[in-house]
Every structure is written in structure tokens, then in C-alpha cells.
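Here is the structure we will look at.
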Amino acid sequence: MLVYIPLSDDAAASWLKWFVKYPALRMVIAVSPHFTHIVKDPHLKAQLLALQKAGRLEFAMQIPNAPLLPLLVDSASAREAIPSTATIPAPAYAYPDDIVQLVAQAKADYFRQWNSLPQGLVLPYGAASPKLLSLLEKLGFVWVVGALQAPSVDGPYQSGSLKIWDASPWVAGRSAGTLVRVWDERQMKEKPLEAWIQSILQKKSLFLLPSDPAVESRPLNSSMSWKPGTWDRSDWSAWIGTPEKNEGWEALRKTREALERYKNSGQASVQRLDAAFAEIYSAQNSNYFLSMGNAAESPALAEDRQHEFQATLSAVYRLIGQPPPDDLFQSTTAGETVTAHPSSTSIKAEVLPDGREHVLIKDAAGDAMGPPGSPDLISLDVWSSSSSVVWSVTLASATPAWIDIYVDLNGQPNAGTPTFLLGRGFTTSPVDAWEYAMAIAGQTATLYRTQGMGTYTMVQTLPVILEGNSIRVAIPGTIMRGSPRRWGYQVLVMNGTATKAGVTDFIDPLEISQKDLWDDLSTGKRSDIPFVRVRSR
């Protein structure tokens, strides 16, 4: 069985080429509810559904952020899945209801995309535990793919009504029985699928799908020898068991307990509670814990992820109206203490296997200025490829708003325009002078470019795609080129009037809190709003 876990569906058209090139191919593709390219291309979607109907393709669901699910059910289970020499985690983290909510939300989004519920789930990194499998059985899945390190069998294992396909390539004797191969783009930059297909064809083996009726299953019981692992590891030490990672779990535990107290206080706002839980779910991203104390990861990426993790937990306290504990963020290395940024902004940058670049800037939820219901900025997403730069701004709600995006391409002082668009009433410093600005109003975005001497001109208008609380605009690659990881950014969100008085939110600069900056702006102590950057100069 072949299982493909893509990072995104932007290259979904290439999936069809495999099925055309290899008429005997049958495989599983795990899709995230965050994938939107397929949904927007009816022809592509119809072709994939036709392959599914023909019995050549099965879709499974992948959960966004790839949380290591067994550690959410009960982090104490990690005792059996980390080396005996590792530090046993002090914090006990057990919130199985989080998995229920994550699955329910992902299923609802999946149904909106495909008009059907997913039958299968590919476990993030393959991590499984008996408690998790029992929970997933109750959540209505027919089958899952995981890494059990169990003896080879012809077909899946059975736990109650749930079928479990084991993909553990290092287990002795795994060449016998049914072989399940998983290509997870999060871990593997190489593209092994073609070689796997050709090997299967040369051996005249069969391509299996999880729902094939002729495949028999074997009971997975407590007397059988199987051990939790992942696709490429025999333990969970990448996520828990070291002082740095355990401190991350401790911070998550403290924040979650504070949120539970707020939820049960009888004074919780439903809107703030929902937003706070969304932040907690984001903080459970496996990438954060993977980076903690990881000497093999680049220091810049580790620092970005650490800041993003801290900002996410800080946002929870802001939403529930409480200050974070002074000891929330402990040292990450011996003798070193982390100083939390005064800003809650977090920045993530990545280069995907297909060469595209992605920058995500998250602003604090619930910090909009102005009267209740004012537009509240949540995030700015930038996706860059050779053909286009796609911009996506997400607000806390579908409140009508004017939105400006400003971009400093070169990072050179005075090489651009320091004044924001006409009527905004604010500036930026000469070191953040912008080369491109985009004003979004309704279904039209107007793109401006610097001319020189602090002036600018209109380039063209572009269509705006509204997707719930998100506003998306694509700029052709012929107009804007370069690496988004090298740019500086600022976003102004306005409540229907493109004026100084109408500004309700912006990206909080990293070096100062929004409150302090807004106080200075309101009292005339300063008029400039700094940009944020993926990389410092």
C-alpha cells in the first residue's frame, strides 16, 4: 500500500500524472481541510473523484498542525516511547477532548470540501497508542494508518471496529506480509514514490487500498508485541523527554489549566473562549516541540518557532484577561533564560519541497482597538512561486474592513516610500520604506508601487477572493519577484474609513507591545509604525 502525505495541494494536478503514467496504480492520499486548491478547481476535483469512484484512489484525512495525538490523550504514555536514558516528563498533560474537537472541526471542513465524511485518518507522524486507537474508534473512522512496530501480517490489524495499517519500515521481517510505504513531505525532501511504484510493478505485486473487501484483518490485542513509534523513529523522543521539550509541555499545561479555570468561571465570553481554544490547539503543533532543544535544526528556525509558541500561549492569557505567570517560559538550554518578546507577534517562514516559499505572520487575537466588533487582524499569509505571490489576510470575524498591505522588498533605508497611502495619517521609519502597497476594499485590491523621491503610483487593480474571514489576492510573478523571507511587512486594518481614526489593528512590531505603541501614536509621541521581518538585517 502506498500512502502520500502532501504538505499542500498546490501541486495537486501532478497527482493525476502518476495515475496516467501507471494505469495499475492505486494509492492513498491524505488531504488536510486546509487544502483549498482542489476545491477551487472543479475540473481537477472531478478527476480525483472519478479516480476514487474507479477504486484507484482513496482519500484519508490529515489533521492540520500535525499534533502528536497520543501525547494529547495522555503524555504519561510517553514513558514507553522515549529512550530509558531520557528525562521523564514532569507535567502530566491529558486532554483527550482536544482530539475530539480537532477531529470534529477537521471532519466538518472536510465535508464542506468533498460532500462526504472521511473514512480513514493518517496519524500525524504515525504516532499511535492504545488509548488513542480506542478514542479514534469511537470517533467514527473505519481505518487509520500508523506506525506500530508490530509483527508483519497480510493485511491490517483490527481494534474493535477500527482497522489499523502498520507502516514501520525498520521492523525485522517487514519485507514479509503487507508492506505499507508512507511518503510524508514534512520529513522527506526526496520524492520516493516513482521508485516505489516501479519496484511494485517489477515484483508483480498488488497495489492495495484500505477498503479492499478481500483483505482480512488480525486482532490487535494486549498480548501482541507492538511499540509506539513514528514513520522514521522507534520512539517519540523528538517531541518529549528532554528538559527543553518538557518545559514546553509544562508551559502548555499551565496555560491549559488557566483556560479551564476561565471556562468554568461562569464569566467566560463565548467568543473569547472559542478564540482561546483555537490558540491552544495551535500551540499543540508538533513542530514547536520538535524544535525545542534540537541541535540539528537551524538556530534561526528554532528561535522563530520558540517565539511563535510563546506568542500563542501569551495570546491565550490575553484573551482570558489574565497576565501570564512569570515562570511560564523556563530556560531552553542550561544556564540560558528566554526573555519573552514584548510583542505577541510570531513569524514562520519555510521553503517547501516544490520550491515555493511561505511566510506566516500571526498577530494577537482580541487586541483590536476601537469599539466592540472592530476588525481584528489574526494573520498575514504569503505564498510565493515563480508564477505568483498570493496574499491572504485573516480577520477574527467576517467584519467589513479596509485593509492595507505594505511591503519593503530590499530592506535598504530611504529606498522606498516612508509615508503610508493617502489619508492614513501614519508613516513608517526610513529604514522600513516600502516599495509596494496594496489597498483592499470590498472585492477589489489596488496595487501601488514606489516611483522615487517618496512618491508612488498605481500599478493595477486585482480581484479579491473572500473566504469566510479571509481575504485573498494573487499578484502575478511578472509584477512582484523575490523571496518573501527577505521582505518587511506591515498591515493596517481599518473599520470602513481609510483614515488615521479608522485604524483598528496592525501587525504588532516585535520590539514593542501594541498597547505601548498605540499609546505613543495616540499622544503624538511618534507617528511611525515599524515593519516586521522574517530575518533581522
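Within each chain, counting starts at residue 1; across the C-alpha cells, chains are named A, B, ... in the order shown, with ligands numbered 1 upward in that order.
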
What's the 12 Å shell around A:Leu301, counting only C-alpha atoms, without same-chain residues fewer than 3 positions away, as a ChimeraX atom specification? /A:287-288,290-298,304-308,346-351,485,534-535

Give me the residues within 7 Å of stretch 375-388 of chain A as a PyMOL selection string, counting only C-alpha atoms and dropping any in the same chain fewer than 2 places off. chain A and resi 356-368+373+390-396+399+401+474-477+493-495+504-506

Requested write-out: C-alpha atoms of the selected residues, as a PDB file, in the first residue's frame:
```
ATOM      1  CA  ARG A 356       7.621  27.639  -3.139  1.00  0.00           C
ATOM      2  CA  GLU A 357       8.156  29.913  -0.155  1.00  0.00           C
ATOM      3  CA  HIS A 358       5.657  30.525   2.629  1.00  0.00           C
ATOM      4  CA  VAL A 359       5.638  33.232   5.285  1.00  0.00           C
ATOM      5  CA  LEU A 360       3.026  33.294   8.059  1.00  0.00           C
ATOM      6  CA  ILE A 361       2.782  36.268  10.428  1.00  0.00           C
ATOM      7  CA  LYS A 362       0.351  35.821  13.315  1.00  0.00           C
ATOM      8  CA  ASP A 363      -0.980  38.812  15.223  1.00  0.00           C
ATOM      9  CA  ALA A 364      -2.607  38.570  18.642  1.00  0.00           C
ATOM     10  CA  ALA A 365      -6.303  37.759  18.647  1.00  0.00           C
ATOM     11  CA  GLY A 366      -8.616  40.028  20.624  1.00  0.00           C
ATOM     12  CA  ASP A 367      -6.419  43.143  20.551  1.00  0.00           C
ATOM     13  CA  ALA A 368      -8.417  45.268  18.105  1.00  0.00           C
ATOM     14  CA  GLY A 373     -16.734  44.293  16.974  1.00  0.00           C
ATOM     15  CA  VAL A 390      -0.569  35.046  -3.099  1.00  0.00           C
ATOM     16  CA  TRP A 391      -1.529  37.227  -0.132  1.00  0.00           C
ATOM     17  CA  SER A 392      -4.098  36.149   2.441  1.00  0.00           C
ATOM     18  CA  VAL A 393      -5.279  38.299   5.355  1.00  0.00           C
ATOM     19  CA  THR A 394      -7.408  36.643   8.043  1.00  0.00           C
ATOM     20  CA  LEU A 395      -9.593  38.579  10.490  1.00  0.00           C
ATOM     21  CA  ALA A 396     -11.210  37.321  13.683  1.00  0.00           C
ATOM     22  CA  THR A 399     -16.423  42.176   9.679  1.00  0.00           C
ATOM     23  CA  ALA A 401     -12.923  46.318   6.656  1.00  0.00           C
ATOM     24  CA  ALA A 474      -2.812  36.970  -6.129  1.00  0.00           C
ATOM     25  CA  ILE A 475      -0.150  39.233  -7.681  1.00  0.00           C
ATOM     26  CA  PRO A 476       1.377  37.865 -10.922  1.00  0.00           C
ATOM     27  CA  GLY A 477       5.011  36.861 -10.695  1.00  0.00           C
ATOM     28  CA  VAL A 493      -6.858  47.178   9.252  1.00  0.00           C
ATOM     29  CA  MET A 494      -9.486  49.929   9.156  1.00  0.00           C
ATOM     30  CA  ASN A 495     -13.155  49.962  10.080  1.00  0.00           C
ATOM     31  CA  THR A 504      -8.337  49.351  14.445  1.00  0.00           C
ATOM     32  CA  ASP A 505      -5.397  46.937  14.198  1.00  0.00           C
ATOM     33  CA  PHE A 506      -1.963  46.368  12.688  1.00  0.00           C
TER      34      PHE A 506
END
```

Show which residues sit within 8 Å of A:Val316, as a compact mmCIF listing (two decimals) with all heavy atoms, in the first residue's frame. Count only C-alpha atoms, and ignore same-chain residues fewer than 5 positions away.
```txt
# COMPACT_ATOMS: atom_id res chain seq x y z
N THR A 255 -0.92 26.85 30.88
CA THR A 255 -1.84 27.68 30.09
C THR A 255 -3.19 27.00 29.95
O THR A 255 -4.24 27.64 30.07
CB THR A 255 -1.24 27.96 28.71
OG1 THR A 255 0.06 28.54 28.87
CG2 THR A 255 -2.11 28.91 27.92
N LEU A 259 -6.91 28.23 31.22
CA LEU A 259 -8.06 28.31 30.31
C LEU A 259 -9.24 27.52 30.87
O LEU A 259 -10.39 27.96 30.77
CB LEU A 259 -7.66 27.80 28.93
CG LEU A 259 -8.74 27.78 27.85
CD1 LEU A 259 -9.37 29.17 27.68
CD2 LEU A 259 -8.16 27.30 26.52
N ALA A 276 -9.58 31.50 22.37
CA ALA A 276 -8.51 31.00 23.25
C ALA A 276 -8.26 29.51 22.99
O ALA A 276 -7.11 29.06 22.97
CB ALA A 276 -8.88 31.24 24.71
N PHE A 277 -9.32 28.75 22.79
CA PHE A 277 -9.14 27.32 22.49
C PHE A 277 -8.45 27.14 21.13
O PHE A 277 -7.64 26.23 20.96
CB PHE A 277 -10.46 26.58 22.54
CG PHE A 277 -10.78 26.01 23.89
CD1 PHE A 277 -11.73 26.60 24.71
CD2 PHE A 277 -10.12 24.88 24.35
CE1 PHE A 277 -12.02 26.09 25.96
CE2 PHE A 277 -10.40 24.36 25.61
CZ PHE A 277 -11.35 24.96 26.42
N GLU A 279 -6.21 29.04 19.96
CA GLU A 279 -4.79 29.29 20.21
C GLU A 279 -4.15 28.06 20.88
O GLU A 279 -3.02 27.68 20.55
CB GLU A 279 -4.61 30.52 21.09
CG GLU A 279 -5.05 31.82 20.45
CD GLU A 279 -4.14 32.27 19.31
OE1 GLU A 279 -3.03 31.72 19.18
OE2 GLU A 279 -4.54 33.17 18.55
N ILE A 280 -4.84 27.44 21.83
CA ILE A 280 -4.32 26.24 22.47
C ILE A 280 -4.10 25.13 21.45
O ILE A 280 -3.07 24.44 21.45
CB ILE A 280 -5.27 25.75 23.59
CG1 ILE A 280 -5.04 26.56 24.87
CG2 ILE A 280 -5.09 24.28 23.87
CD1 ILE A 280 -3.74 26.21 25.60
```

Stretch 124-126 of chain A surroundings by only C-alpha atoms, 7 Å radius, close-in-sequence under 2 positions cut, as a PyMOL selection string: chain A and resi 66-68+122+128+145-147+230-231

Dump as a tab-separated table (two decimals), in the first residue's frame, selection limited to C-alpha atoms:
```tsv
chain	number	residue	atom	x	y	z
A	66	ALA	CA	0.14	17.56	12.81
A	67	PRO	CA	-0.23	17.34	16.62
A	68	LEU	CA	1.31	14.24	18.17
A	122	VAL	CA	-3.38	9.07	8.59
A	128	ALA	CA	-0.33	5.72	17.99
A	145	VAL	CA	-2.52	4.33	9.09
A	146	GLY	CA	0.11	4.46	11.84
A	147	ALA	CA	3.49	3.15	12.94
A	230	THR	CA	6.73	7.20	14.08
A	231	TRP	CA	7.41	6.81	10.36
```

Would you list, as JSON, numbers by chain, the residues of stretch 14-219 of chain A that end up in strand (DSSP E) under DSSP run on this structure's backbone? {"A": [27, 28, 29, 30, 31, 57, 58, 59, 60, 61, 120, 121, 122, 143, 144, 145, 146, 157, 158, 159, 162, 163, 164, 165, 166, 181, 182, 183, 184, 218, 219]}

What is the atom CA of A:Ser282-atom CA of A:Asn65 distance in Å, reported with one decimal? 7.0 Å

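Across A:Phe426, A:Ala12, A:Val503, A:Met369, the tightest approach to A:Ser527 is made by A:Phe426 when counting only C-alpha atoms.
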
Just the residues within 9 Å of stretch 69-78 of chain A, please, counting only C-alpha atoms, with nothing from its chain fewer than 2 positions along; format it as a PyMOL selection string. chain A and resi 66-67+80-82+88-99+123-124+127-132+135+228+235-237+240-241+249+284

Using only N, CA and C atoms, please write the residues we just selected to a file, as a short mmCIF file (atom, residue, chain, number, x, y, z; two decimals), in the first residue's frame.
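Result saved to out.cif:
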```cif
data_model
loop_
_atom_site.label_atom_id
_atom_site.label_comp_id
_atom_site.auth_asym_id
_atom_site.auth_seq_id
_atom_site.Cartn_x
_atom_site.Cartn_y
_atom_site.Cartn_z
N ALA A 66 -0.46 18.86 12.49
CA ALA A 66 0.14 17.56 12.81
C ALA A 66 0.46 17.39 14.30
N PRO A 67 -0.52 17.55 15.19
CA PRO A 67 -0.23 17.34 16.62
C PRO A 67 0.08 15.88 16.88
N GLU A 80 6.75 4.86 27.58
CA GLU A 80 7.05 3.67 26.79
C GLU A 80 7.58 4.02 25.41
N ALA A 81 7.65 5.31 25.10
CA ALA A 81 8.01 5.70 23.74
C ALA A 81 9.16 6.68 23.69
N ILE A 82 9.97 6.73 24.77
CA ILE A 82 11.19 7.53 24.76
C ILE A 82 12.30 6.66 25.32
N ILE A 88 12.16 11.76 32.17
CA ILE A 88 10.72 11.51 32.11
C ILE A 88 9.99 12.83 32.35
N PRO A 89 9.01 13.15 31.51
CA PRO A 89 8.34 14.44 31.63
C PRO A 89 7.61 14.61 32.96
N ALA A 90 7.87 15.72 33.62
CA ALA A 90 7.18 16.01 34.88
C ALA A 90 5.71 16.35 34.66
N PRO A 91 5.39 17.22 33.67
CA PRO A 91 3.99 17.61 33.53
C PRO A 91 3.14 16.48 32.96
N ALA A 92 2.00 16.26 33.57
CA ALA A 92 1.03 15.30 33.03
C ALA A 92 0.04 16.09 32.20
N TYR A 93 -0.02 15.79 30.92
CA TYR A 93 -0.92 16.51 30.02
C TYR A 93 -1.90 15.50 29.45
N ALA A 94 -3.16 15.60 29.80
CA ALA A 94 -4.15 14.64 29.35
C ALA A 94 -5.45 15.38 29.03
N TYR A 95 -5.64 15.69 27.76
CA TYR A 95 -6.86 16.38 27.30
C TYR A 95 -7.38 15.69 26.05
N PRO A 96 -7.91 14.47 26.19
CA PRO A 96 -8.43 13.77 25.01
C PRO A 96 -9.56 14.50 24.33
N ASP A 97 -10.27 15.37 25.07
CA ASP A 97 -11.34 16.14 24.43
C ASP A 97 -10.80 17.05 23.33
N ASP A 98 -9.53 17.43 23.43
CA ASP A 98 -8.93 18.23 22.37
C ASP A 98 -8.93 17.48 21.05
N ILE A 99 -8.65 16.18 21.13
CA ILE A 99 -8.65 15.38 19.91
C ILE A 99 -10.06 15.29 19.34
N LEU A 123 -2.38 9.04 10.81
CA LEU A 123 -1.96 9.63 12.08
C LEU A 123 -0.74 10.52 11.87
N PRO A 124 -0.72 11.71 12.48
CA PRO A 124 0.45 12.58 12.36
C PRO A 124 1.72 11.85 12.78
N ALA A 127 2.18 8.31 14.91
CA ALA A 127 2.20 8.05 16.36
C ALA A 127 0.85 7.52 16.83
N ALA A 128 0.90 6.36 17.50
CA ALA A 128 -0.33 5.72 17.99
C ALA A 128 -0.10 5.19 19.40
N SER A 129 -1.20 5.01 20.11
CA SER A 129 -1.17 4.39 21.43
C SER A 129 -2.50 3.68 21.62
N PRO A 130 -2.58 2.71 22.54
CA PRO A 130 -3.86 2.02 22.75
C PRO A 130 -5.00 2.96 23.10
N LYS A 131 -4.75 3.96 23.95
CA LYS A 131 -5.81 4.90 24.32
C LYS A 131 -6.27 5.71 23.12
N LEU A 132 -5.31 6.11 22.27
CA LEU A 132 -5.67 6.89 21.09
C LEU A 132 -6.52 6.05 20.13
N LEU A 135 -10.00 5.77 21.27
CA LEU A 135 -10.74 7.02 21.07
C LEU A 135 -11.13 7.20 19.61
N PRO A 228 4.89 1.95 20.39
CA PRO A 228 4.65 3.23 19.72
C PRO A 228 5.92 3.77 19.05
N ASP A 235 10.73 5.76 18.55
CA ASP A 235 10.25 6.36 19.80
C ASP A 235 9.72 7.76 19.52
N TRP A 236 9.33 8.49 20.59
CA TRP A 236 8.79 9.84 20.46
C TRP A 236 9.75 10.88 21.03
N SER A 237 11.02 10.56 21.08
CA SER A 237 11.99 11.46 21.72
C SER A 237 12.15 12.79 20.99
N ILE A 240 9.27 14.81 23.16
CA ILE A 240 9.15 14.83 24.62
C ILE A 240 10.30 14.03 25.23
N GLY A 241 10.65 14.36 26.48
CA GLY A 241 11.63 13.55 27.18
C GLY A 241 12.95 14.23 27.46
N TRP A 249 6.06 21.45 27.45
CA TRP A 249 4.83 20.78 27.91
C TRP A 249 4.34 21.40 29.22
N GLN A 284 -0.38 23.21 20.20
CA GLN A 284 -0.10 21.78 20.23
C GLN A 284 0.56 21.28 18.95
#
```

Counting only C-alpha atoms, the residue of A:Ala275, A:Leu208, A:Leu466, A:Ile403 that sits nearest A:Arg318: A:Ala275

Which polymer residues have any atom within 9 Å of an atom of A:Ser159, counting only C-alpha atoms, with same-chain residues fewer than 5 positions away left out, as a ChimeraX atom specification? /A:133-134,137,164,218-221

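For the residues A:Phe420, A:Phe531, A:Phe59, A:Tyr406, ranking by smallest atom-to-atom distance to A:Tyr4 using only C-alpha atoms places A:Phe59 first.
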
What does the distance between atom CA of A:Ser32 and atom CA of A:Asp154 come to in Å, to one decimal place?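 Answer for the atom CA of A:Ser32 to atom CA of A:Asp154 separation: 28.7 Å.
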